[in-house]
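Dumped data02.txt below, it's compact mmCIF, C-alpha atoms and all ligand atoms:
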# COMPACT_ATOMS: atom_id res chain seq x y z
CA MET T 243 13.75 10.71 15.77
CA ARG T 244 15.67 7.50 15.16
CA TYR T 245 14.46 4.22 13.69
CA VAL T 246 15.04 0.71 14.99
CA SER T 247 14.42 -2.75 13.57
CA THR T 248 11.33 -4.75 14.55
CA ARG T 249 13.77 -7.61 15.26
CA GLY T 250 15.92 -5.54 17.59
CA GLY T 251 19.20 -6.64 16.00
CA ALA T 252 20.29 -3.51 14.15
CA ALA T 253 21.74 -0.18 15.25
CA PRO T 254 19.28 2.76 15.27
CA VAL T 255 19.45 4.86 12.12
CA SER T 256 18.21 8.21 10.87
CA LEU T 257 15.03 8.50 8.82
CA SER T 258 16.99 9.26 5.64
CA SER T 259 19.07 6.15 6.09
CA ALA T 260 15.99 3.99 6.87
CA ILE T 261 14.32 5.30 3.71
CA ALA T 262 17.43 4.74 1.61
CA THR T 263 18.01 1.16 2.76
CA GLY T 264 14.47 -0.24 3.02
CA LEU T 265 14.94 -3.44 5.02
CA ALA T 266 16.99 -3.29 8.24
CA PRO T 267 20.28 -5.31 8.14
CA ASP T 268 18.89 -7.93 10.58
CA GLY T 269 16.02 -8.64 8.20
CA GLY T 270 13.50 -6.67 10.26
CA LEU T 271 11.48 -3.59 9.36
CA TYR T 272 12.27 -0.09 10.54
CA VAL T 273 9.92 1.47 13.08
CA PRO T 274 10.24 4.70 15.10
CA GLU T 275 12.28 4.25 18.27
CA ALA T 276 9.32 5.74 20.16
CA MET T 277 5.98 6.80 18.72
CA PRO T 278 5.57 10.57 18.98
CA ARG T 279 2.36 12.03 20.45
CA LEU T 280 0.93 14.98 18.61
CA GLY T 281 -0.83 17.90 20.19
CA LYS T 282 -4.12 19.07 18.74
CA LEU T 283 -3.99 19.51 14.97
CA PRO T 284 -6.12 22.06 13.12
CA SER T 285 -9.10 20.43 11.42
CA GLY T 286 -9.13 22.91 8.52
CA GLY T 287 -6.46 23.06 5.88
CA TYR T 288 -5.30 21.02 2.94
CA LEU T 289 -4.18 17.43 2.94
CA ALA T 290 -0.58 18.50 2.23
CA SER T 291 -0.47 20.73 5.30
CA THR T 292 -2.07 18.10 7.56
CA ALA T 293 0.52 15.66 6.22
CA ALA T 294 3.41 17.99 7.02
CA ALA T 295 2.10 18.62 10.54
CA MET T 296 1.58 14.90 11.22
CA LEU T 297 4.97 13.87 9.86
CA GLU T 298 7.07 16.64 11.43
CA PRO T 299 8.08 14.63 14.53
CA PHE T 300 9.06 11.68 12.32
CA PHE T 301 11.46 13.96 10.42
CA GLU T 302 12.88 15.68 13.50
CA GLY T 303 16.65 15.94 13.34
CA ASP T 304 16.86 14.41 9.87
CA ALA T 305 18.61 15.83 6.82
CA LEU T 306 15.24 15.94 5.05
CA ALA T 307 13.45 17.88 7.82
CA GLY T 308 13.79 21.21 6.03
CA GLU T 309 12.33 19.68 2.88
CA LEU T 310 9.26 18.12 4.50
CA GLU T 311 6.79 20.76 3.35
CA ALA T 312 8.04 20.63 -0.24
CA ILE T 313 7.96 16.82 -0.19
CA CYS T 314 4.36 16.86 1.07
CA ALA T 315 3.37 19.41 -1.56
CA GLU T 316 4.69 17.05 -4.28
CA ALA T 317 3.20 13.87 -2.82
CA PHE T 318 -0.19 15.25 -1.81
CA SER T 319 -0.99 17.19 -4.96
CA HIS T 320 -4.12 15.11 -5.55
CA PRO T 321 -7.06 14.94 -3.12
CA ALA T 322 -8.39 12.13 -0.88
CA PRO T 323 -12.07 13.02 -0.47
CA ARG T 324 -14.27 11.31 2.11
CA ARG T 325 -17.78 10.89 0.80
CA GLU T 326 -21.02 9.56 2.29
CA LEU T 327 -22.69 6.61 0.60
CA LYS T 328 -26.44 6.23 0.34
CA ILE T 329 -26.27 3.84 3.31
CA ALA T 330 -26.68 5.61 6.66
CA GLY T 331 -23.37 5.91 8.49
CA ALA T 332 -21.26 4.60 5.60
CA HIS T 333 -18.50 6.64 4.01
CA VAL T 334 -15.79 5.91 1.51
CA LEU T 335 -12.37 7.53 1.68
CA GLU T 336 -11.43 7.79 -2.01
CA LEU T 337 -7.71 7.22 -2.31
CA PHE T 338 -7.64 6.71 -6.07
CA HIS T 339 -7.39 10.19 -7.56
CA GLY T 340 -3.66 10.01 -8.30
CA PRO T 341 -1.83 9.25 -11.59
CA THR T 342 -2.28 5.46 -11.43
CA ALA T 343 -5.72 5.46 -9.76
CA ALA T 344 -4.79 3.60 -6.55
CA PHE T 345 -3.87 4.73 -3.02
CA LYS T 346 -0.28 3.70 -3.59
CA ASP T 347 0.34 6.88 -5.57
CA PHE T 348 0.57 8.83 -2.30
CA GLY T 349 3.29 6.65 -0.79
CA ALA T 350 5.18 6.22 -4.06
CA ARG T 351 5.24 9.94 -4.81
CA PHE T 352 6.36 10.72 -1.25
CA LEU T 353 9.13 8.14 -1.46
CA ALA T 354 10.25 9.48 -4.86
CA ALA T 355 10.32 13.03 -3.51
CA CYS T 356 12.51 11.86 -0.60
CA ILE T 357 14.87 9.72 -2.68
CA ALA T 358 15.33 12.35 -5.40
CA ARG T 359 16.59 14.71 -2.66
CA LEU T 360 18.74 12.06 -0.94
CA ARG T 361 20.42 11.07 -4.22
CA ALA T 362 21.21 14.59 -5.38
CA GLY T 363 24.96 14.72 -6.12
CA GLU T 364 25.51 10.91 -6.26
CA ASN T 365 27.12 9.61 -9.44
CA ARG T 366 26.11 5.94 -9.32
CA ALA T 367 22.51 5.20 -10.20
CA LEU T 368 20.32 3.68 -7.50
CA THR T 369 18.18 0.72 -8.61
CA ILE T 370 14.82 0.43 -6.93
CA LEU T 371 13.38 -3.08 -6.81
CA VAL T 372 9.67 -3.43 -6.52
CA ALA T 373 7.68 -6.63 -6.34
CA THR T 374 4.08 -5.96 -7.16
CA SER T 375 0.78 -7.76 -7.30
CA GLY T 376 -0.34 -4.95 -9.58
CA ASP T 377 -0.81 -1.48 -8.14
CA THR T 378 2.51 -0.88 -6.37
CA GLY T 379 4.58 -1.23 -9.50
CA ALA T 380 2.49 1.22 -11.48
CA ALA T 381 2.51 3.79 -8.68
CA VAL T 382 6.28 3.46 -8.14
CA GLY T 383 7.00 3.48 -11.87
CA ALA T 384 4.92 6.63 -12.35
CA ALA T 385 6.45 8.34 -9.32
CA PHE T 386 10.09 7.67 -10.36
CA HIS T 387 9.70 7.92 -14.12
CA GLY T 388 12.28 10.43 -15.32
CA VAL T 389 13.84 11.00 -11.87
CA PRO T 390 17.60 11.39 -12.54
CA GLY T 391 20.02 8.95 -10.90
CA VAL T 392 17.32 6.38 -10.12
CA ARG T 393 16.20 3.28 -12.05
CA VAL T 394 13.22 1.08 -11.26
CA ALA T 395 12.82 -2.66 -11.89
CA ILE T 396 9.22 -3.78 -11.48
CA LEU T 397 8.63 -7.52 -10.90
CA TYR T 398 5.09 -8.79 -11.29
CA PRO T 399 3.52 -12.27 -11.48
CA ASP T 400 2.84 -13.05 -15.13
CA ASN T 401 -0.87 -13.53 -15.88
CA ARG T 402 -1.90 -12.60 -12.34
CA VAL T 403 -2.49 -8.90 -12.82
CA SER T 404 -5.34 -7.37 -14.81
CA PRO T 405 -4.65 -6.55 -18.49
CA ARG T 406 -4.83 -2.84 -17.72
CA GLN T 407 -2.48 -3.24 -14.77
CA ALA T 408 -0.02 -5.13 -16.98
CA HIS T 409 -0.27 -2.41 -19.59
CA GLN T 410 0.38 0.29 -17.02
CA LEU T 411 3.41 -1.56 -15.64
CA GLY T 412 5.03 -1.88 -19.03
CA SER T 413 4.16 1.57 -20.29
CA PHE T 414 6.94 3.64 -18.74
CA GLY T 415 10.17 2.91 -20.59
CA GLY T 416 13.32 4.93 -19.96
CA ASN T 417 14.51 4.42 -16.38
CA VAL T 418 11.60 2.10 -15.51
CA ARG T 419 11.58 -1.54 -16.68
CA ALA T 420 8.93 -4.21 -16.13
CA ILE T 421 9.73 -7.92 -15.59
CA ARG T 422 6.98 -10.53 -15.74
CA VAL T 423 7.95 -13.38 -13.44
CA GLU T 424 6.80 -16.97 -13.96
CA GLY T 425 5.24 -17.40 -10.53
CA SER T 426 3.18 -15.73 -7.81
CA PHE T 427 3.53 -12.39 -6.07
CA ASP T 428 5.29 -14.16 -3.22
CA ASP T 429 7.89 -15.45 -5.74
CA CYS T 430 8.46 -11.84 -6.86
CA GLN T 431 8.82 -10.76 -3.24
CA ARG T 432 11.31 -13.60 -2.60
CA LEU T 433 13.44 -12.52 -5.58
CA VAL T 434 13.57 -8.96 -4.26
CA LYS T 435 14.39 -10.09 -0.71
CA GLY T 436 17.02 -12.45 -2.10
CA ALA T 437 18.68 -9.62 -4.02
CA PHE T 438 18.85 -7.53 -0.84
CA GLY T 439 20.37 -10.48 1.00
CA ASP T 440 23.20 -10.79 -1.56
CA PRO T 441 26.11 -8.49 -0.57
CA SER T 442 28.10 -9.09 -3.77
CA LEU T 443 25.13 -8.10 -5.92
CA GLN T 444 24.60 -5.02 -3.77
CA ALA T 445 28.25 -4.07 -4.27
CA ASP T 446 27.80 -4.25 -8.05
CA VAL T 447 24.37 -2.67 -8.20
CA PRO T 448 23.30 -0.24 -5.44
CA LEU T 449 19.78 -1.34 -4.52
CA SER T 450 16.85 0.08 -2.69
CA SER T 451 13.29 -1.03 -2.09
CA ALA T 452 9.95 0.58 -2.73
CA ASN T 453 7.71 -2.15 -1.34
CA SER T 454 5.31 -1.41 1.47
CA ILE T 455 8.10 -2.22 3.92
CA SER T 456 9.63 1.12 2.93
CA LEU T 457 9.14 3.78 5.60
CA GLY T 458 9.06 6.35 2.82
CA ARG T 459 5.75 4.85 1.69
CA LEU T 460 4.31 3.91 5.04
CA LEU T 461 4.67 7.27 6.80
CA PRO T 462 2.75 9.37 4.23
CA GLN T 463 -0.11 6.87 4.23
CA MET T 464 -0.87 8.00 7.78
CA ALA T 465 -1.76 11.43 6.46
CA TYR T 466 -5.00 10.80 4.57
CA PHE T 467 -6.46 8.77 7.41
CA GLY T 468 -5.53 11.53 9.86
CA HIS T 469 -6.84 14.26 7.58
CA ALA T 470 -10.16 12.47 7.04
CA ALA T 471 -10.54 11.79 10.77
CA LEU T 472 -9.92 15.44 11.64
CA HIS T 473 -12.62 16.47 9.17
CA ALA T 474 -15.16 13.78 10.12
CA ASP T 475 -18.28 14.65 12.14
CA ASP T 476 -18.36 11.17 13.60
CA LYS T 477 -15.22 11.14 15.73
CA PRO T 478 -13.42 8.93 16.39
CA MET T 479 -13.58 7.70 12.81
CA ASN T 480 -13.89 3.89 12.53
CA VAL T 481 -12.10 2.53 9.49
CA ILE T 482 -12.25 -0.65 7.40
CA VAL T 483 -9.12 -1.10 5.31
CA PRO T 484 -8.81 -3.51 2.33
CA THR T 485 -5.64 -5.33 3.33
CA GLY T 486 -2.85 -7.29 1.68
CA ASN T 487 0.63 -6.50 2.98
CA LEU T 488 -0.80 -4.45 5.85
CA GLY T 489 0.94 -1.24 4.73
CA ASN T 490 -2.16 0.92 4.55
CA ALA T 491 -3.68 -0.58 7.69
CA VAL T 492 -0.51 -0.18 9.79
CA ALA T 493 -0.28 3.45 8.62
CA CYS T 494 -3.85 3.98 9.82
CA LEU T 495 -2.99 2.45 13.20
CA TRP T 496 0.12 4.61 13.48
CA ALA T 497 -2.01 7.69 12.81
CA ARG T 498 -4.28 6.63 15.69
CA GLU T 499 -1.25 5.91 17.87
CA ILE T 500 0.14 9.45 17.52
CA GLY T 501 -3.21 10.92 18.53
CA LEU T 502 -5.45 11.34 15.49
CA PRO T 503 -9.17 10.76 16.23
CA ILE T 504 -9.38 7.28 14.71
CA GLY T 505 -11.44 4.58 16.44
CA GLU T 506 -11.60 0.94 15.50
CA VAL T 507 -9.52 -0.26 12.53
CA VAL T 508 -10.70 -3.47 10.87
CA PHE T 509 -8.86 -5.38 8.15
CA ALA T 510 -10.84 -6.59 5.13
CA CYS T 511 -9.06 -9.41 3.31
CA ASN T 512 -9.82 -11.54 0.28
CA ALA T 513 -9.68 -15.35 0.26
CA ASN T 514 -6.03 -15.23 1.38
CA ASP T 515 -6.87 -15.92 4.99
CA THR T 516 -3.57 -15.64 6.87
CA LEU T 517 -4.87 -12.66 8.86
CA PRO T 518 -8.51 -13.76 9.37
CA GLU T 519 -7.17 -17.06 10.70
CA PHE T 520 -4.72 -15.33 13.03
CA PHE T 521 -7.32 -12.94 14.40
CA GLY T 522 -9.72 -15.87 14.68
CA GLY T 523 -7.40 -17.34 17.31
CA GLN T 524 -5.03 -19.60 15.40
CA PRO T 525 -1.23 -19.26 15.36
CA TYR T 526 0.18 -16.94 12.69
CA ARG T 527 1.02 -19.04 9.67
CA ALA T 528 2.43 -17.45 6.51
CA ARG T 529 1.68 -19.35 3.31
CA ASP T 530 1.73 -18.99 -0.47
CA ALA T 531 -0.75 -16.56 -1.91
CA ILE T 532 -3.75 -17.72 -3.89
CA ALA T 533 -5.06 -15.77 -6.87
CA THR T 534 -8.30 -13.80 -6.37
CA ILE T 535 -10.13 -11.05 -8.24
CA ALA T 536 -8.89 -8.55 -5.63
CA ASN T 537 -5.37 -9.28 -6.81
CA ALA T 538 -3.54 -6.39 -5.15
CA MET T 539 -4.41 -8.16 -1.89
CA ASP T 540 -3.15 -11.60 -2.98
CA VAL T 541 -0.67 -11.95 -0.14
CA GLY T 542 -0.09 -15.01 2.01
CA ALA T 543 2.72 -13.55 4.12
CA PRO T 544 1.84 -9.90 4.89
CA SER T 545 5.17 -8.10 5.02
CA ASN T 546 4.09 -5.53 7.61
CA PHE T 547 2.87 -8.13 10.11
CA GLU T 548 6.09 -7.57 12.06
CA ARG T 549 5.27 -3.88 12.38
CA LEU T 550 1.76 -4.69 13.54
CA VAL T 551 3.03 -7.00 16.29
CA HIS T 552 5.72 -4.50 17.23
CA LEU T 553 3.07 -1.81 17.66
CA PHE T 554 1.00 -3.85 20.08
CA GLY T 555 3.95 -5.55 21.77
CA SER T 556 3.03 -9.22 21.25
CA GLU T 557 1.01 -11.49 18.99
CA GLU T 558 -1.50 -12.00 21.77
CA ALA T 559 -2.03 -8.26 22.27
CA THR T 560 -2.27 -7.78 18.51
CA ARG T 561 -4.98 -10.41 18.24
CA PHE T 562 -6.86 -8.89 21.16
CA ASN T 563 -6.77 -5.43 19.58
CA GLY T 564 -7.67 -6.22 15.99
CA ALA T 565 -10.07 -7.96 13.65
CA ALA T 566 -9.73 -9.28 10.10
CA HIS T 567 -12.37 -10.76 7.85
CA GLY T 568 -11.95 -12.76 4.66
CA ILE T 569 -14.27 -12.13 1.72
CA ASP T 570 -14.31 -14.68 -1.09
CA ASP T 571 -14.54 -13.92 -4.80
CA ALA T 572 -18.21 -14.86 -5.12
CA THR T 573 -19.10 -12.40 -2.36
CA ILE T 574 -16.93 -9.67 -3.89
CA ARG T 575 -18.79 -10.16 -7.17
CA ASP T 576 -22.12 -10.00 -5.36
CA VAL T 577 -21.20 -6.69 -3.68
CA ILE T 578 -20.13 -5.11 -6.97
CA ARG T 579 -23.19 -6.33 -8.87
CA ARG T 580 -25.68 -5.47 -6.13
CA HIS T 581 -24.47 -1.92 -5.46
CA ALA T 582 -24.26 -1.00 -9.13
CA ALA T 583 -27.85 -2.17 -9.51
CA THR T 584 -29.32 -0.66 -6.32
CA ASP T 585 -27.50 2.58 -5.54
CA GLY T 586 -25.34 3.12 -8.64
CA GLU T 587 -22.05 2.84 -6.68
CA VAL T 588 -19.30 1.04 -8.57
CA PHE T 589 -16.54 -0.39 -6.39
CA CYS T 590 -13.22 -1.96 -7.34
CA PRO T 591 -12.88 -5.57 -6.08
CA HIS T 592 -10.60 -4.48 -3.20
CA THR T 593 -12.91 -1.76 -1.99
CA ALA T 594 -15.77 -4.27 -2.24
CA THR T 595 -14.17 -6.41 0.50
CA ALA T 596 -14.39 -3.46 2.89
CA ILE T 597 -17.96 -2.70 1.85
CA ARG T 598 -18.88 -6.31 2.61
CA VAL T 599 -17.22 -6.24 6.02
CA PHE T 600 -19.26 -3.10 6.76
CA GLU T 601 -22.45 -4.88 5.69
CA GLN T 602 -21.59 -7.82 7.93
CA ARG T 603 -21.18 -5.43 10.86
CA ARG T 604 -24.58 -3.88 10.16
CA ILE T 605 -26.16 -7.33 9.99
CA ALA T 606 -24.55 -8.14 13.33
CA GLY T 607 -26.23 -5.08 14.86
CA ASP T 608 -23.36 -2.56 14.79
CA SER T 609 -25.00 0.82 14.04
CA ARG T 610 -21.87 2.99 14.27
CA ALA T 611 -20.54 5.10 11.41
CA TRP T 612 -17.73 3.48 9.42
CA THR T 613 -15.35 4.75 6.77
CA MET T 614 -14.20 2.29 4.13
CA ALA T 615 -10.92 3.00 2.36
CA ALA T 616 -11.60 2.94 -1.40
CA THR T 617 -8.18 1.80 -2.51
CA ALA T 618 -8.46 1.78 -6.32
CA HIS T 619 -10.66 3.10 -9.11
CA PRO T 620 -12.90 0.40 -10.60
CA ALA T 621 -11.70 1.26 -14.11
CA LYS T 622 -8.39 -0.48 -13.29
CA PHE T 623 -10.25 -3.77 -12.96
CA GLU T 624 -12.64 -3.48 -15.84
CA THR T 625 -12.39 -7.16 -16.82
CA VAL T 626 -13.86 -8.05 -13.42
CA VAL T 627 -16.19 -5.11 -12.91
CA GLU T 628 -17.77 -4.47 -16.32
CA PRO T 629 -19.32 -7.94 -16.85
CA LEU T 630 -20.85 -7.66 -13.36
CA ILE T 631 -22.40 -4.24 -13.81
CA GLY T 632 -23.26 -4.65 -17.49
CA ARG T 633 -21.81 -1.35 -18.67
CA PRO T 634 -18.40 0.26 -19.22
CA VAL T 635 -16.65 2.07 -16.35
CA ASP T 636 -15.48 5.60 -17.15
CA VAL T 637 -11.68 5.75 -17.21
CA PRO T 638 -10.06 8.62 -15.25
CA GLU T 639 -8.00 10.89 -17.45
CA ALA T 640 -4.56 10.08 -16.02
CA LEU T 641 -5.18 6.36 -16.41
CA ALA T 642 -6.40 6.84 -19.98
CA THR T 643 -3.17 8.67 -20.88
CA MET T 644 -1.06 5.83 -19.52
CA LEU T 645 -3.12 3.21 -21.35
CA GLY T 646 -2.64 5.14 -24.58
CA ARG T 647 1.12 4.47 -24.54
CA THR T 648 2.73 1.29 -25.90
CA ALA T 649 3.83 -1.27 -23.30
CA SER T 650 6.33 -4.11 -22.98
CA ALA T 651 7.68 -6.38 -20.23
CA GLU T 652 10.59 -8.86 -20.10
CA PRO T 653 9.94 -12.50 -19.07
CA LEU T 654 11.95 -14.04 -16.21
CA ALA T 655 11.89 -17.43 -14.41
CA ALA T 656 11.54 -17.18 -10.61
CA ASP T 657 15.26 -17.89 -10.19
CA GLN T 658 17.53 -15.86 -7.92
CA ARG T 659 20.67 -16.26 -10.02
CA LEU T 660 18.95 -15.26 -13.24
CA PHE T 661 17.55 -12.18 -11.56
CA GLY T 662 21.03 -11.21 -10.31
CA ASP T 663 22.42 -11.62 -13.82
CA TRP T 664 19.65 -9.48 -15.22
CA LEU T 665 20.39 -6.69 -12.73
CA ARG T 666 24.13 -6.77 -13.41
CA SER T 667 23.60 -6.55 -17.14
CA TRP T 668 21.23 -3.56 -17.01
C1 LIG G 1 -2.03 -2.56 -2.42
C2 LIG G 1 -3.50 -2.56 -2.43
C3 LIG G 1 -4.23 -3.03 -1.33
C4 LIG G 1 -3.56 -3.63 -0.12
O1 LIG G 1 -2.81 -2.67 0.59
P1 LIG G 1 -1.67 -3.15 1.63
O2 LIG G 1 -1.03 -1.91 2.08
O3 LIG G 1 -0.75 -4.05 0.89
O4 LIG G 1 -2.38 -3.87 2.73
C5 LIG G 1 -5.61 -2.93 -1.37
N1 LIG G 1 -6.24 -2.43 -2.45
C6 LIG G 1 -5.57 -1.99 -3.53
C7 LIG G 1 -6.33 -1.46 -4.67
C8 LIG G 1 -4.18 -2.03 -3.55
O5 LIG G 1 -3.52 -1.59 -4.61

Before we go any further, please render this structure as structure tokens.
Amino acid sequence: MRYVSTRGGAAPVSLSSAIATGLAPDGGLYVPEAMPRLGKLPSGGYLASTAAAMLEPFFEGDALAGELEAICAEAFSHPAPRRELKIAGAHVLELFHGPTAAFKDFGARFLAACIARLRAGENRALTILVATSGDTGAAVGAAFHGVPGVRVAILYPDNRVSPRQAHQLGSFGGNVRAIRVEGSFDDCQRLVKGAFGDPSLQADVPLSSANSISLGRLLPQMAYFGHAALHADDKPMNVIVPTGNLGNAVACLWAREIGLPIGEVVFACNANDTLPEFFGGQPYRARDAIATIANAMDVGAPSNFERLVHLFGSEEATRFNGAAHGIDDATIRDVIRRHAATDGEVFCPHTATAIRVFEQRRIAGDSRAWTMAATAHPAKFETVVEPLIGRPVDVPEALATMLGRTASAEPLAADQRLFGDWLRSW
């Protein structure tokens, strides 16, 4: 299997090389040259074995092919249970049982397992740049912490992540450093993109990406959707995905594309309405992000939009085949408060957007079963959640350990030259 750019202006590359470089040289995103079609997969078995079976064709002919099972065993060492809510036909797919309590642990750990193997024997350290609106940085930091030959620089928007998220990001030390940028998530993303677009910087400091554009994160995210769909009684499984950069949602669509029993896939957004507007019939218009209480979805220019359009072939076909709904902060708060009071379910603000989209579908007369991706544990967003539910949220053990460490982050203006200087001096 070879990988090509969504923009069509780069030579096809191997999976290893796509994972190592992140962005394609023409500025596009790597996608498989042709989507494989899987035969029937067994519906029993562990997540790690489903993952290996689903990803095998994507690794075909690659240097990492022989390592795929070991990589999956490392990345899928925590479960992704699908659980029925007390609402008929509603399920949540809990993706937050990893070390940093968000779904991004799966992709980050998979990417780390791949890169650790690809870098074996290199003498120059690889620096991974990650722009984060909160959860990515923690997941990537945790996944790469202590991996030899790799360093991680985490850029996050100062004062726009929750206090616990900020603590997590700064808690690693060693080969993982946190930078708090004066600006928005989009500013952080611009700094990272700018660094990749600077050949002289790249010559001084070998760089790689771990954002959701990285194939090494996107591919494994297909696995838990596929695994859940294989195990579901209600096939095909309809899914509502809390969406920011479209990484999780595109992975779900890819899983459907290769033949997993997944039905409709709906995007739940926050008040950043680039996607709801597009699917509502207006031209695609990227913009600056606005801050919401579902901050990991504060994205005004979803980086995987190119992959989405590439999958369907055109913007028109994409619009025809998808749906996105925007949920504002007041409604997110209402969902969290109401469910805690009525059925005892406590959702994180991101998951709450998907729950609300489900409720809207029910109100509109849709009686089908739906599965909502529960993307983070509510304990990560305690400053939002606890005042709404009027009690503390239990903290998962792994998260508690991380919060028990000391934390620090370095301040940086959103300035490309300053960022380059910082990287050269590390
Ligand atoms: C990252 C994140 C999202 C958005 O996922 P994308 O892949 O960027 O669309 C949603 N919820 C949580 C908790 C996240 O961390």

Residue among T:Arg393, T:His387, T:Arg529, T:Arg579 lying closest to Arg633 of chain T, counting only C-alpha atoms
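Using only C-alpha atoms, Arg633 of chain T sits closest to T:Arg579.
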
Using all atoms listed in the file, find each protein or nucleic acid residue lying at most 9 Å from ligand LIG 1 (chain G); present the set as number ranges by chain.
T: 338, 343-346, 374-378, 453-454, 460, 483-493, 509, 511, 536-541, 544-546, 590-593, 615-619, 622

For segment 353-371 of chain T, take all atoms listed in the file, fit an axis-aligned box around them, add 4 Å to each of the six sides, then output centre and edge lengths in Å rounded to one decimal, as JSON.
{"center_x": 18.1, "center_y": 5.8, "center_z": -5.4, "size_x": 26.0, "size_y": 25.8, "size_z": 17.6}

Using all atoms listed in the file, the best pick from T:Ala474, T:Trp612, T:Ala533, T:Ala572 as closest to Val508 of chain T would be T:Trp612

Show me, as number ranges by chain, the residues that have an atom within 12 Å of segment 282-286 of chain T when counting all atoms listed in the file, minus same-chain residues fewer than 6 positions from it.
T: 292-298, 465, 468-475, 477, 500-503

For each of T:Phe318, T:Phe623, T:Tyr245, T:Trp664, take the minimum atom-to-atom distance to Val447 of chain T, counting only C-alpha atoms, then give the residue where this is smallest.
T:Trp664

Provide the atom CA of Tyr398 of chain T to atom CA of Asn512 of chain T distance in Å, to one decimal place.
19.1 Å

What's the 9 Å shell around Asp570 of chain T, counting all atoms listed in the file, without same-chain residues fewer than 2 positions away, as a list in words?
Cys511, Asn512, Ala513, Asn514, Thr534, Gly568, Ala572, Thr573, Ile574, Arg575 and Thr595 of chain T

Contacts of Leu495 of chain T within 9 Å, all atoms listed in the file, excl. fewer than 5 positions in-chain, as JSON, numbers by chain:
{"T": [464, 490, 500, 504, 507, 550, 553]}

File dump, residues just selected, C-alpha atoms, as a tab-separated table (two decimals), keeping the file's coordinate frame:
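Resulting contents of again38.tsv:
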chain	number	residue	atom	x	y	z
T	464	MET	CA	-0.87	8.00	7.78
T	490	ASN	CA	-2.16	0.92	4.55
T	500	ILE	CA	0.14	9.45	17.52
T	504	ILE	CA	-9.38	7.28	14.71
T	507	VAL	CA	-9.52	-0.26	12.53
T	550	LEU	CA	1.76	-4.69	13.54
T	553	LEU	CA	3.07	-1.81	17.66

By how many Å are atom CA of Ile370 of chain T and atom CA of Ala408 of chain T apart?
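If I compute the distance from atom CA of Ile370 of chain T to atom CA of Ala408 of chain T, I get 18.8 Å.
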
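Distance-wise, atom CA of Asp428 of chain T and atom CA of Ile532 of chain T end up 9.7 Å apart.
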